[in-house]
>>> print(open('my_file12.cif').read())   # mmCIF, C-alpha atoms (C1' of nucleotides)
data_structure
#
loop_
_atom_site.label_atom_id
_atom_site.label_comp_id
_atom_site.auth_asym_id
_atom_site.auth_seq_id
_atom_site.Cartn_x
_atom_site.Cartn_y
_atom_site.Cartn_z
CA MET O 1 -8.83 0.23 -12.33
CA LYS O 2 -10.66 0.69 -15.58
CA LEU O 3 -14.10 2.26 -15.31
CA VAL O 4 -17.17 2.16 -17.50
CA CYS O 5 -20.13 4.52 -17.20
CA LYS O 6 -23.59 5.35 -18.39
CA SER O 7 -26.04 8.17 -17.92
CA ILE O 8 -29.65 7.80 -16.81
CA ALA O 9 -32.64 10.11 -16.40
CA THR O 10 -34.26 10.65 -13.00
CA PRO O 11 -36.97 12.97 -11.68
CA LEU O 12 -34.19 15.15 -10.29
CA GLY O 13 -32.16 15.34 -13.48
CA ARG O 14 -29.71 13.19 -15.38
CA MET O 15 -27.20 11.19 -13.39
CA LEU O 16 -23.96 9.50 -14.34
CA LEU O 17 -23.19 6.03 -13.02
CA ALA O 18 -19.70 4.56 -13.06
CA ALA O 19 -18.51 1.08 -12.23
CA GLY O 20 -15.43 -1.12 -12.25
CA ASP O 21 -15.14 -4.89 -12.23
CA ALA O 22 -15.72 -5.13 -8.50
CA GLY O 23 -18.77 -2.91 -8.10
CA LEU O 24 -20.31 0.51 -8.38
CA ALA O 25 -17.69 3.25 -8.36
CA GLY O 26 -19.92 6.30 -8.17
CA VAL O 27 -23.17 8.12 -8.94
CA TRP O 28 -23.28 11.84 -9.65
CA PHE O 29 -25.79 14.46 -10.72
CA GLU O 30 -24.83 16.02 -13.99
CA GLY O 31 -22.83 19.14 -13.27
CA GLN O 32 -22.76 18.77 -9.50
CA SER O 33 -19.76 20.01 -7.61
CA HIS O 34 -16.81 17.64 -7.19
CA HIS O 35 -17.90 15.79 -10.32
CA PRO O 36 -14.87 13.74 -11.37
CA ASP O 37 -13.34 13.87 -14.81
CA ALA O 38 -15.16 11.18 -16.77
CA SER O 39 -13.46 11.81 -20.09
CA THR O 40 -11.33 8.68 -19.89
CA TRP O 41 -14.17 6.36 -18.96
CA GLN O 42 -15.76 4.17 -21.54
CA VAL O 43 -19.46 4.78 -22.10
CA VAL O 44 -21.40 1.52 -22.28
CA GLN O 45 -25.01 0.55 -22.79
CA SER O 46 -25.08 -2.16 -20.21
CA GLN O 47 -22.94 -3.54 -17.44
CA CYS O 48 -23.71 -5.74 -14.48
CA TRP O 49 -23.35 -3.19 -11.65
CA LEU O 50 -24.50 -0.22 -13.69
CA ASP O 51 -27.72 -1.99 -14.60
CA GLN O 52 -28.40 -3.13 -11.06
CA ALA O 53 -27.76 0.33 -9.63
CA ALA O 54 -29.89 2.02 -12.30
CA GLU O 55 -32.72 -0.34 -11.51
CA GLU O 56 -32.47 0.31 -7.77
CA LEU O 57 -32.36 4.06 -8.35
CA GLN O 58 -35.51 3.99 -10.47
CA ALA O 59 -37.20 1.89 -7.79
CA TYR O 60 -36.11 4.43 -5.18
CA PHE O 61 -37.63 7.27 -7.14
CA ARG O 62 -40.85 5.31 -7.62
CA GLY O 63 -40.96 4.98 -3.85
CA GLN O 64 -40.59 1.23 -4.09
CA GLY O 65 -36.99 0.85 -3.01
CA ARG O 66 -35.64 1.94 0.33
CA GLN O 67 -32.17 0.50 0.29
CA PHE O 68 -29.42 -0.19 -2.22
CA LYS O 69 -27.79 -3.56 -2.49
CA THR O 70 -25.44 -3.01 -5.40
CA PRO O 71 -21.90 -3.66 -4.18
CA ARG O 72 -19.73 -0.59 -4.09
CA ALA O 73 -16.05 -0.47 -5.03
CA ALA O 74 -14.37 2.74 -3.92
CA ALA O 75 -12.05 4.04 -6.59
CA TRP O 76 -10.90 7.06 -4.61
CA GLY O 77 -10.83 8.44 -1.12
CA THR O 78 -8.48 8.63 1.82
CA THR O 79 -8.84 6.35 4.81
CA PHE O 80 -10.70 9.03 6.69
CA GLN O 81 -13.08 9.76 3.83
CA ARG O 82 -13.90 6.10 3.33
CA SER O 83 -14.69 5.66 7.00
CA VAL O 84 -17.06 8.63 6.78
CA TRP O 85 -18.76 7.18 3.71
CA GLU O 86 -19.18 3.85 5.46
CA ALA O 87 -20.86 5.60 8.36
CA LEU O 88 -23.14 7.42 5.92
CA ALA O 89 -24.24 4.18 4.33
CA GLU O 90 -25.75 3.04 7.60
CA ILE O 91 -28.27 5.85 7.91
CA PRO O 92 -31.64 4.23 7.19
CA TRP O 93 -34.29 5.54 4.80
CA GLY O 94 -36.31 8.38 6.25
CA ALA O 95 -33.89 9.07 9.11
CA THR O 96 -31.49 11.96 9.52
CA THR O 97 -28.34 12.58 11.51
CA ARG O 98 -25.88 15.40 12.19
CA TYR O 99 -22.30 16.02 11.18
CA GLY O 100 -21.34 15.96 14.83
CA ALA O 101 -22.96 12.57 15.35
CA ILE O 102 -20.86 11.05 12.58
CA ALA O 103 -17.70 12.58 13.97
CA ALA O 104 -18.58 11.11 17.36
CA ARG O 105 -19.17 7.67 15.89
CA LEU O 106 -15.69 7.77 14.39
CA ASN O 107 -14.22 8.48 17.83
CA ASN O 108 -13.09 11.82 16.56
CA PRO O 109 -15.73 14.19 17.89
CA LEU O 110 -13.73 17.29 17.08
CA ALA O 111 -13.32 16.46 13.41
CA VAL O 112 -16.76 17.82 12.61
CA ARG O 113 -15.57 20.14 9.93
CA ALA O 114 -13.47 17.48 8.29
CA VAL O 115 -16.51 15.22 8.28
CA GLY O 116 -18.42 17.92 6.44
CA ALA O 117 -15.75 18.07 3.78
CA ALA O 118 -15.71 14.29 3.42
CA VAL O 119 -19.49 14.03 3.23
CA GLY O 120 -19.42 16.57 0.43
CA ARG O 121 -17.17 14.29 -1.62
CA ASN O 122 -19.25 11.16 -1.23
CA PRO O 123 -19.03 9.56 -4.67
CA TRP O 124 -22.36 7.70 -4.49
CA SER O 125 -25.10 10.32 -4.48
CA ILE O 126 -28.41 9.00 -3.11
CA VAL O 127 -27.06 5.43 -2.93
CA VAL O 128 -24.93 6.46 0.02
CA PRO O 129 -27.37 8.90 1.62
CA CYS O 130 -25.27 11.95 2.28
CA HIS O 131 -28.47 13.96 1.93
CA ARG O 132 -29.59 12.64 5.33
CA VAL O 133 -26.99 14.65 7.20
CA LEU O 134 -28.14 17.97 8.69
CA GLY O 135 -26.52 20.73 10.69
CA ALA O 136 -26.58 20.65 14.46
CA ASP O 137 -29.62 22.94 14.43
CA GLY O 138 -31.42 20.85 11.82
CA SER O 139 -30.62 23.13 8.90
CA LEU O 140 -29.93 21.81 5.42
CA THR O 141 -26.43 23.33 5.34
CA GLY O 142 -25.20 22.05 1.96
CA TYR O 143 -25.39 19.49 -0.84
CA ALA O 144 -23.13 18.90 -3.78
CA GLY O 145 -26.17 18.53 -6.03
CA GLY O 146 -27.75 21.73 -4.73
CA LEU O 147 -29.90 22.35 -1.67
CA ALA O 148 -33.11 22.06 -3.71
CA ARG O 149 -32.36 18.43 -4.49
CA LYS O 150 -31.43 17.71 -0.88
CA GLN O 151 -34.75 19.09 0.32
CA GLU O 152 -36.64 17.21 -2.36
CA LEU O 153 -35.00 13.93 -1.42
CA LEU O 154 -35.75 14.40 2.26
CA THR O 155 -39.34 15.38 1.50
CA ARG O 156 -39.80 12.21 -0.55
CA GLU O 157 -38.55 10.24 2.43
CA GLY O 158 -40.92 12.07 4.78
CA ALA O 159 -37.98 13.44 6.72
CA TRP O 160 -38.62 17.10 5.88
CA PRO O 161 -39.58 19.39 7.40
CA LEU O 162 -38.23 18.07 10.66
CA SER O 163 -40.87 16.81 13.08
CA SER O 164 -38.82 16.89 16.28
CA PRO O 165 -35.94 19.36 16.33
CA MET S 166 -0.56 -1.09 -16.44
CA LYS S 167 0.35 -4.20 -14.50
CA LEU S 168 4.05 -4.84 -14.11
CA VAL S 169 6.08 -7.95 -13.46
CA CYS S 170 9.72 -8.02 -12.38
CA LYS S 171 12.73 -10.15 -11.68
CA SER S 172 16.17 -9.61 -10.24
CA ILE S 173 19.43 -10.64 -11.89
CA ALA S 174 23.11 -10.67 -10.89
CA THR S 175 25.67 -8.59 -12.81
CA PRO S 176 29.35 -7.79 -12.30
CA LEU S 177 28.25 -4.44 -10.92
CA GLY S 178 25.70 -5.80 -8.46
CA ARG S 179 22.15 -7.08 -8.54
CA MET S 180 19.70 -5.35 -10.82
CA LEU S 181 15.92 -5.33 -10.94
CA LEU S 182 14.16 -5.60 -14.30
CA ALA S 183 10.50 -4.67 -14.74
CA ALA S 184 8.22 -5.12 -17.72
CA GLY S 185 4.63 -4.72 -18.83
CA ASP S 186 2.79 -6.32 -21.72
CA ALA S 187 4.22 -3.91 -24.25
CA GLY S 188 7.88 -4.01 -23.35
CA LEU S 189 10.59 -3.34 -20.81
CA ALA S 190 9.50 -0.82 -18.19
CA GLY S 191 12.77 -0.30 -16.37
CA VAL S 192 16.13 -1.55 -15.09
CA TRP S 193 17.62 -0.40 -11.80
CA PHE S 194 20.58 -1.15 -9.60
CA GLU S 195 19.52 -2.45 -6.24
CA GLY S 196 19.31 0.48 -3.85
CA GLN S 197 20.10 3.19 -6.38
CA SER S 198 18.56 6.59 -5.98
CA HIS S 199 15.12 7.19 -7.51
CA HIS S 200 14.44 3.47 -7.29
CA PRO S 201 10.67 3.12 -7.70
CA ASP S 202 8.45 1.30 -5.24
CA ALA S 203 8.35 -2.26 -6.51
CA SER S 204 6.25 -3.69 -3.70
CA THR S 205 3.13 -4.02 -5.85
CA TRP S 206 4.86 -5.70 -8.76
CA GLN S 207 4.61 -9.41 -9.24
CA VAL S 208 7.92 -11.26 -9.14
CA VAL S 209 8.15 -13.82 -11.93
CA GLN S 210 10.74 -16.35 -13.07
CA SER S 211 10.34 -15.69 -16.72
CA GLN S 212 8.66 -13.25 -19.05
CA CYS S 213 9.20 -12.42 -22.67
CA TRP S 214 10.74 -8.94 -22.31
CA LEU S 215 12.44 -9.62 -19.00
CA ASP S 216 14.23 -12.62 -20.46
CA GLN S 217 15.30 -10.80 -23.59
CA ALA S 218 16.61 -7.83 -21.62
CA ALA S 219 18.44 -10.05 -19.12
CA GLU S 220 20.10 -11.87 -21.98
CA GLU S 221 21.17 -8.64 -23.64
CA LEU S 222 22.53 -7.29 -20.38
CA GLN S 223 24.62 -10.37 -19.76
CA ALA S 224 25.93 -10.13 -23.30
CA TYR S 225 26.77 -6.48 -22.70
CA PHE S 226 28.76 -7.33 -19.59
CA ARG S 227 30.57 -10.09 -21.46
CA GLY S 228 31.57 -7.47 -23.99
CA GLN S 229 29.59 -9.22 -26.69
CA GLY S 230 26.60 -6.92 -26.95
CA ARG S 231 26.82 -3.28 -27.85
CA GLN S 232 23.22 -2.36 -28.26
CA PHE S 233 19.87 -3.28 -26.79
CA LYS S 234 16.95 -4.29 -28.95
CA THR S 235 14.36 -5.12 -26.32
CA PRO S 236 11.36 -2.85 -26.89
CA ARG S 237 10.80 -0.33 -24.13
CA ALA S 238 7.43 0.73 -22.75
CA ALA S 239 7.62 3.83 -20.60
CA ALA S 240 5.43 3.52 -17.55
CA TRP S 241 6.25 6.96 -16.16
CA GLY S 242 7.70 10.27 -17.15
CA THR S 243 6.55 13.64 -18.37
CA THR S 244 6.74 14.67 -22.00
CA PHE S 245 9.98 16.47 -21.35
CA GLN S 246 11.57 13.55 -19.53
CA ARG S 247 10.62 11.09 -22.24
CA SER S 248 12.13 13.26 -24.92
CA VAL S 249 15.35 13.38 -22.92
CA TRP S 250 15.37 9.60 -22.54
CA GLU S 251 14.83 9.17 -26.26
CA ALA S 252 17.80 11.37 -26.95
CA LEU S 253 19.86 9.33 -24.52
CA ALA S 254 19.02 6.11 -26.31
CA GLU S 255 20.74 7.34 -29.45
CA ILE S 256 24.19 7.70 -27.93
CA PRO S 257 26.22 4.83 -29.40
CA TRP S 258 28.40 2.41 -27.45
CA GLY S 259 31.76 3.87 -26.50
CA ALA S 260 30.74 7.46 -27.21
CA THR S 261 29.96 10.24 -24.74
CA THR S 262 28.06 13.49 -24.83
CA ARG S 263 27.32 16.46 -22.56
CA TYR S 264 24.20 17.65 -20.79
CA GLY S 265 24.35 20.84 -22.84
CA ALA S 266 24.45 18.89 -26.11
CA ILE S 267 21.24 17.10 -25.23
CA ALA S 268 19.52 20.33 -24.25
CA ALA S 269 20.58 21.81 -27.58
CA ARG S 270 19.24 18.83 -29.51
CA LEU S 271 15.87 19.36 -27.83
CA ASN S 272 15.83 22.97 -29.04
CA ASN S 273 15.85 24.05 -25.43
CA PRO S 274 19.48 25.02 -24.83
CA LEU S 275 18.67 26.77 -21.58
CA ALA S 276 17.09 23.72 -20.00
CA VAL S 277 20.46 22.20 -19.22
CA ARG S 278 19.72 21.79 -15.59
CA ALA S 279 16.34 20.25 -16.28
CA VAL S 280 18.06 17.79 -18.59
CA GLY S 281 20.32 16.81 -15.73
CA ALA S 282 17.36 16.12 -13.52
CA ALA S 283 15.64 14.10 -16.23
CA VAL S 284 18.75 12.07 -17.03
CA GLY S 285 18.99 11.18 -13.37
CA ARG S 286 15.54 9.64 -13.53
CA ASN S 287 16.13 7.50 -16.57
CA PRO S 288 14.32 4.26 -15.73
CA TRP S 289 16.46 2.00 -17.92
CA SER S 290 19.94 1.93 -16.42
CA ILE S 291 22.62 0.80 -18.89
CA VAL S 292 19.99 -0.09 -21.53
CA VAL S 293 19.39 3.61 -22.08
CA PRO S 294 22.95 4.80 -21.61
CA CYS S 295 22.62 7.70 -19.22
CA HIS S 296 26.16 6.86 -18.07
CA ARG S 297 27.48 8.28 -21.34
CA VAL S 298 26.60 11.84 -20.38
CA LEU S 299 29.38 13.94 -18.89
CA GLY S 300 29.74 17.46 -17.61
CA ALA S 301 30.81 20.21 -19.97
CA ASP S 302 34.39 19.85 -18.71
CA GLY S 303 34.34 16.09 -19.13
CA SER S 304 33.79 15.33 -15.46
CA LEU S 305 31.67 12.43 -14.28
CA THR S 306 29.26 14.71 -12.38
CA GLY S 307 26.72 12.16 -11.13
CA TYR S 308 25.04 8.79 -11.50
CA ALA S 309 22.04 7.36 -9.77
CA GLY S 310 23.88 4.08 -9.32
CA GLY S 311 26.97 5.78 -7.89
CA LEU S 312 29.91 7.38 -9.64
CA ALA S 313 32.01 4.21 -9.26
CA ARG S 314 29.61 2.29 -11.47
CA LYS S 315 29.51 5.10 -14.01
CA GLN S 316 33.27 5.10 -14.30
CA GLU S 317 33.41 1.31 -14.52
CA LEU S 318 30.86 1.26 -17.33
CA LEU S 319 32.71 3.92 -19.30
CA THR S 320 36.01 2.12 -18.76
CA ARG S 321 34.52 -1.11 -20.10
CA GLU S 322 33.42 0.81 -23.18
CA GLY S 323 36.88 2.31 -23.61
CA ALA S 324 35.45 5.78 -23.14
CA TRP S 325 37.32 6.53 -19.91
CA PRO S 326 39.51 8.26 -19.21
CA LEU S 327 38.71 10.71 -21.95
CA SER S 328 41.14 10.69 -24.83
CA SER S 329 40.24 14.07 -26.33
CA PRO S 330 38.75 16.56 -23.89
"C1'" DC W 331 -35.33 38.92 31.77
"C1'" DG W 332 -35.86 35.58 27.81
"C1'" DT W 333 -35.10 35.07 22.65
"C1'" DG W 334 -32.96 35.41 18.40
"C1'" DC W 335 -29.48 36.55 15.38
"C1'" DA W 336 -24.84 37.87 13.72
"C1'" DG W 337 -20.23 37.57 14.36
"C1'" DT W 338 -16.19 34.85 15.84
"C1'" DA W 339 -12.88 31.61 17.05
"C1'" DG W 340 -11.48 27.04 17.38
"C1'" DC W 341 -11.53 22.30 15.41
"C1'" DC W 342 -9.50 18.78 11.60
"C1'" DG W 343 -8.48 16.43 7.04
"C1'" DT W 344 -7.57 17.74 2.37
"C1'" DT W 345 -6.05 20.65 -1.29
"C1'" DT W 346 -3.37 24.16 -3.02
"C1'" DT W 347 0.60 27.01 -3.07
"C1'" DC W 348 5.20 28.02 -2.51
"C1'" DG W 349 10.14 27.64 -1.94
"C1'" DG W 350 14.17 24.88 -2.45
"C1'" DA W 351 17.03 21.45 -4.39
"C1'" DC W 352 18.73 18.92 -8.21
"C1'" DA W 353 23.66 14.38 -12.14
"C1'" DT W 354 24.43 21.98 -15.59
"C1'" DG W 355 26.67 25.56 -18.13
"C1'" DC W 356 27.61 30.21 -19.63
"C1'" DG W 357 29.04 34.85 -18.72
"C1'" DC W 358 30.45 38.15 -15.78
"C1'" DT W 359 32.87 39.87 -11.87
"C1'" DT W 360 36.68 39.75 -8.30
"C1'" DA X 361 41.43 30.99 -11.21
"C1'" DA X 362 37.59 31.05 -8.30
"C1'" DG X 363 32.97 32.82 -7.24
"C1'" DC X 364 28.20 34.40 -8.33
"C1'" DG X 365 23.82 34.81 -10.82
"C1'" DC X 366 20.74 33.10 -13.84
"C1'" DA X 367 17.83 29.91 -16.87
"C1'" DT X 368 14.57 25.14 -16.88
"C1'" DG X 369 11.50 21.16 -15.58
"C1'" DT X 370 10.31 18.20 -11.74
"C1'" DC X 371 9.88 16.56 -7.28
"C1'" DC X 372 9.25 17.03 -2.35
"C1'" DG X 373 8.41 18.99 1.91
"C1'" DA X 374 6.39 22.61 4.61
"C1'" DA X 375 2.99 25.94 5.23
"C1'" DA X 376 -1.19 28.11 4.39
"C1'" DA X 377 -5.92 28.20 2.82
"C1'" DC X 378 -10.25 26.05 2.54
"C1'" DG X 379 -14.39 23.83 3.47
"C1'" DG X 380 -21.73 20.92 3.39
"C1'" DC X 381 -19.33 22.67 11.41
"C1'" DT X 382 -20.22 24.19 16.28
"C1'" DA X 383 -20.39 26.42 20.44
"C1'" DC X 384 -19.97 30.69 22.51
"C1'" DT X 385 -20.35 35.63 22.83
"C1'" DG X 386 -22.45 40.11 22.61
"C1'" DC X 387 -26.12 42.88 21.38
"C1'" DA X 388 -30.84 44.21 19.88
"C1'" DC X 389 -35.29 43.42 20.62
"C1'" DG X 390 -39.87 42.34 22.91
#
>>> encode(input="my_file12.cif", output="structure tokens")
Amino acid sequence: MKLVCKSIATPLGRMLLAAGDAGLAGVWFEGQSHHPDASTWQVVQSQCWLDQAAEELQAYFRGQGRQFKTPRAAAWGTTFQRSVWEALAEIPWGATTRYGAIAARLNNPLAVRAVGAAVGRNPWSIVVPCHRVLGADGSLTGYAGGLARKQELLTREGAWPLSSP
Amino acid sequence: MKLVCKSIATPLGRMLLAAGDAGLAGVWFEGQSHHPDASTWQVVQSQCWLDQAAEELQAYFRGQGRQFKTPRAAAWGTTFQRSVWEALAEIPWGATTRYGAIAARLNNPLAVRAVGAAVGRNPWSIVVPCHRVLGADGSLTGYAGGLARKQELLTREGAWPLSSP
DNA sequence: CGTGCAGTAGCCGTTTTCGGACATGCGCTT
DNA sequence: AAGCGCATGTCCGAAAACGGCTACTGCACG
């Protein structure tokens, strides 16, 4: 699948958006870990899904958008990873969950660590809210874009610091 | 690259031809070793390169065609493998060469064994005449389509048994 | 006696590493 | 004459290492 991409500015730094014909392929912070190799993608000014996603992201940062409706088209990922990402996508704005809870939902309660690894490779930063997953004790644990961004995102959503541990 | 394919009958068994937009992608005996996974290719009745190659193959088997002019478009292969396949393509009808000779031509005389491995993965059976490569002592050594076919091809070209070892 | 913290040992999918096996041929030893 | 070791690029399988984790343990404090 051929991908096109464009970069946008956000309050948390520049982000790169990528899309194919079928939908949004990914959203990454510049320089975050697990950033894919974008050298073969074609940089464009405008594209259907890119524009829609950019618009929704800006709305999110203005506090005016609480969910993303741009269709996603996974360009990578194993079966397990995709099932984790799907579960992530269902966490509503302002809510949080735990790695263990996701593992349990997948009927694989012992695969907690594997879930952590999969969450870390979520290709759609913010859009698929991997930042809403906390450790069993409510700690931030980790974030591919850096813990500072994770905390900032949760604060903006009023989900940090935790009210009820 | 999207590939289309079709199967044809030859005196040595059915063969599968595959092609992309730019040219012939490969020709394999049914069930030969290193046969690629064709399950995602679209089977077609007719296509520019497929038709030309099929015609040339039939002419070859009738003894009326001694070289193939259908353009090839490699869909796989490392740099090393492609250079080996290019060298193979230059062996004329009725002639034979040795694995060592090819390695020498590539300025890599020690890579004899690697040449053997690469020859074995030649995607264009017959069209790129990997059957014209013999062991240093003139033995048949191996053929992805089976030694019987290799011998039959060489016999048809009057290159077997060897006249001058 | 609680409480808190550090260390530890399992859990599981993915990634990375590693060791052979090959469509060989030359040179050297037995 | 037959056998062994080595050199080369690639693929493939097995094995090990590596994480955005957790629950449990043992120990040091009040």
>>> resolve_selection(input="my_file12.cif", expression="the PyMOL selection byres ((chain X and resi 369) around 6)", output="PyMOL selection string")
(chain S and resi 279) or (chain X and resi 368+370)
>>> write_last_selection(input="my_file12.cif", atoms="C-alpha atoms (C1' of nucleotides)", output="CSV table (one decimal), in the frame of the given file")
chain,number,residue,atom,x,y,z
S,279,ALA,CA,16.3,20.2,-16.3
X,368,DT,C1',14.6,25.1,-16.9
X,370,DT,C1',10.3,18.2,-11.7
>>> residues_around(input="my_file12.cif", residues="Gly138 in chain O", least_positions_apart="3", cutoff="12 Å", atoms="only C-alpha atoms (C1' of nucleotides)", output="VMD selection string")
chain O and resid 96 to 100 132 to 135 141 to 142 159 to 165
>>> resolve_selection(input="my_file12.cif", expression="the PyMOL selection byres ((chain S and resi 200) around 12)", output="ChimeraX atom specification")
/S:180-183,191-199,201-204,285-290,309-310
>>> atom_distance(input="my_file12.cif", atom1="C1' of DA383 in chain X", atom2="C1' of DG337 in chain W")
12.7 Å
>>> resolve_selection(input="my_file12.cif", expression="the PyMOL selection byres ((chain O and resi 12) around 10)", output="VMD selection string")
chain O and resid 9 to 11 13 to 15 29 61 145 148 to 149 152 to 153
>>> write_last_selection(input="my_file12.cif", atoms="C-alpha atoms", output="CSV table (one decimal), keeping the file's coordinate frame")
chain,number,residue,atom,x,y,z
O,9,ALA,CA,-32.6,10.1,-16.4
O,10,THR,CA,-34.3,10.6,-13.0
O,11,PRO,CA,-37.0,13.0,-11.7
O,13,GLY,CA,-32.2,15.3,-13.5
O,14,ARG,CA,-29.7,13.2,-15.4
O,15,MET,CA,-27.2,11.2,-13.4
O,29,PHE,CA,-25.8,14.5,-10.7
O,61,PHE,CA,-37.6,7.3,-7.1
O,145,GLY,CA,-26.2,18.5,-6.0
O,148,ALA,CA,-33.1,22.1,-3.7
O,149,ARG,CA,-32.4,18.4,-4.5
O,152,GLU,CA,-36.6,17.2,-2.4
O,153,LEU,CA,-35.0,13.9,-1.4
>>> residues_near_point(input="my_file12.cif", point="(-5.3, 28.0, -0.1)", cutoff="7 Å", atoms="only C-alpha atoms (C1' of nucleotides)", output="VMD selection string")
(chain W and resid 346 to 347) or (chain X and resid 376 to 378)
>>> residues_near_point(input="my_file12.cif", point="(-13.9, 33.5, 16.4)", cutoff="12 Å", atoms="only C-alpha atoms (C1' of nucleotides)", output="VMD selection string")
(chain W and resid 337 to 341) or (chain X and resid 382 to 385)
>>> write_last_selection(input="my_file12.cif", atoms="C-alpha atoms (C1' of nucleotides)", output="PDB file, keeping the file's coordinate frame")
ATOM      1  C1'  DG W 337     -20.230  37.570  14.360  1.00  0.00           C
ATOM      2  C1'  DT W 338     -16.190  34.850  15.840  1.00  0.00           C
ATOM      3  C1'  DA W 339     -12.880  31.610  17.050  1.00  0.00           C
ATOM      4  C1'  DG W 340     -11.480  27.040  17.380  1.00  0.00           C
ATOM      5  C1'  DC W 341     -11.530  22.300  15.410  1.00  0.00           C
TER       6       DC W 341
ATOM      7  C1'  DT X 382     -20.220  24.190  16.280  1.00  0.00           C
ATOM      8  C1'  DA X 383     -20.390  26.420  20.440  1.00  0.00           C
ATOM      9  C1'  DC X 384     -19.970  30.690  22.510  1.00  0.00           C
ATOM     10  C1'  DT X 385     -20.350  35.630  22.830  1.00  0.00           C
TER      11       DT X 385
END
>>> atom_distance(input="my_file12.cif", atom1="CA of Cys48 in chain O", atom2="CA of Glu86 in chain O")
22.6 Å
>>> atom_distance(input="my_file12.cif", atom1="CA of Glu55 in chain O", atom2="CA of Ser7 in chain O")
12.6 Å
>>> closest_residue(input="my_file12.cif", among="X:DG379, X:DG386, X:DG373, X:DG365", to="DT344 in chain W", atoms="all atoms listed in the file")
X:DG379
>>> residues_around(input="my_file12.cif", residues="DA388 in chain X", least_positions_apart="5", cutoff="12 Å", atoms="only C-alpha atoms (C1' of nucleotides)", output="ChimeraX atom specification")
/W:333-336
>>> closest_residue(input="my_file12.cif", among="X:DA375, X:DC389, X:DC381, X:DC366", to="DG357 in chain W", atoms="only C-alpha atoms (C1' of nucleotides)")
X:DC366
>>> interface_residues(input="my_file12.cif", of="chain S", to="chain X", cutoff="9 Å", atoms="only C-alpha atoms (C1' of nucleotides)", output="short mmCIF file (atom, residue, chain, number, x, y, z; two decimals) with C-alpha atoms, keeping the file's coordinate frame")
data_model
loop_
_atom_site.label_atom_id
_atom_site.label_comp_id
_atom_site.auth_asym_id
_atom_site.auth_seq_id
_atom_site.Cartn_x
_atom_site.Cartn_y
_atom_site.Cartn_z
CA THR S 243 6.55 13.64 -18.37
CA PHE S 245 9.98 16.47 -21.35
CA GLN S 246 11.57 13.55 -19.53
CA ASN S 273 15.85 24.05 -25.43
CA LEU S 275 18.67 26.77 -21.58
CA ALA S 276 17.09 23.72 -20.00
CA VAL S 277 20.46 22.20 -19.22
CA ARG S 278 19.72 21.79 -15.59
CA ALA S 279 16.34 20.25 -16.28
CA VAL S 280 18.06 17.79 -18.59
CA ALA S 282 17.36 16.12 -13.52
CA ALA S 283 15.64 14.10 -16.23
#
>>> closest_residue(input="my_file12.cif", among="S:Gly311, S:Gly281, S:Pro294, S:Gly323", to="chain W", atoms="all atoms listed in the file")
S:Gly281
>>> interface_residues(input="my_file12.cif", of="chain W", to="chain S", cutoff="9 Å", atoms="all atoms listed in the file", output="MDAnalysis selection string")
chainID W and resid 352:355
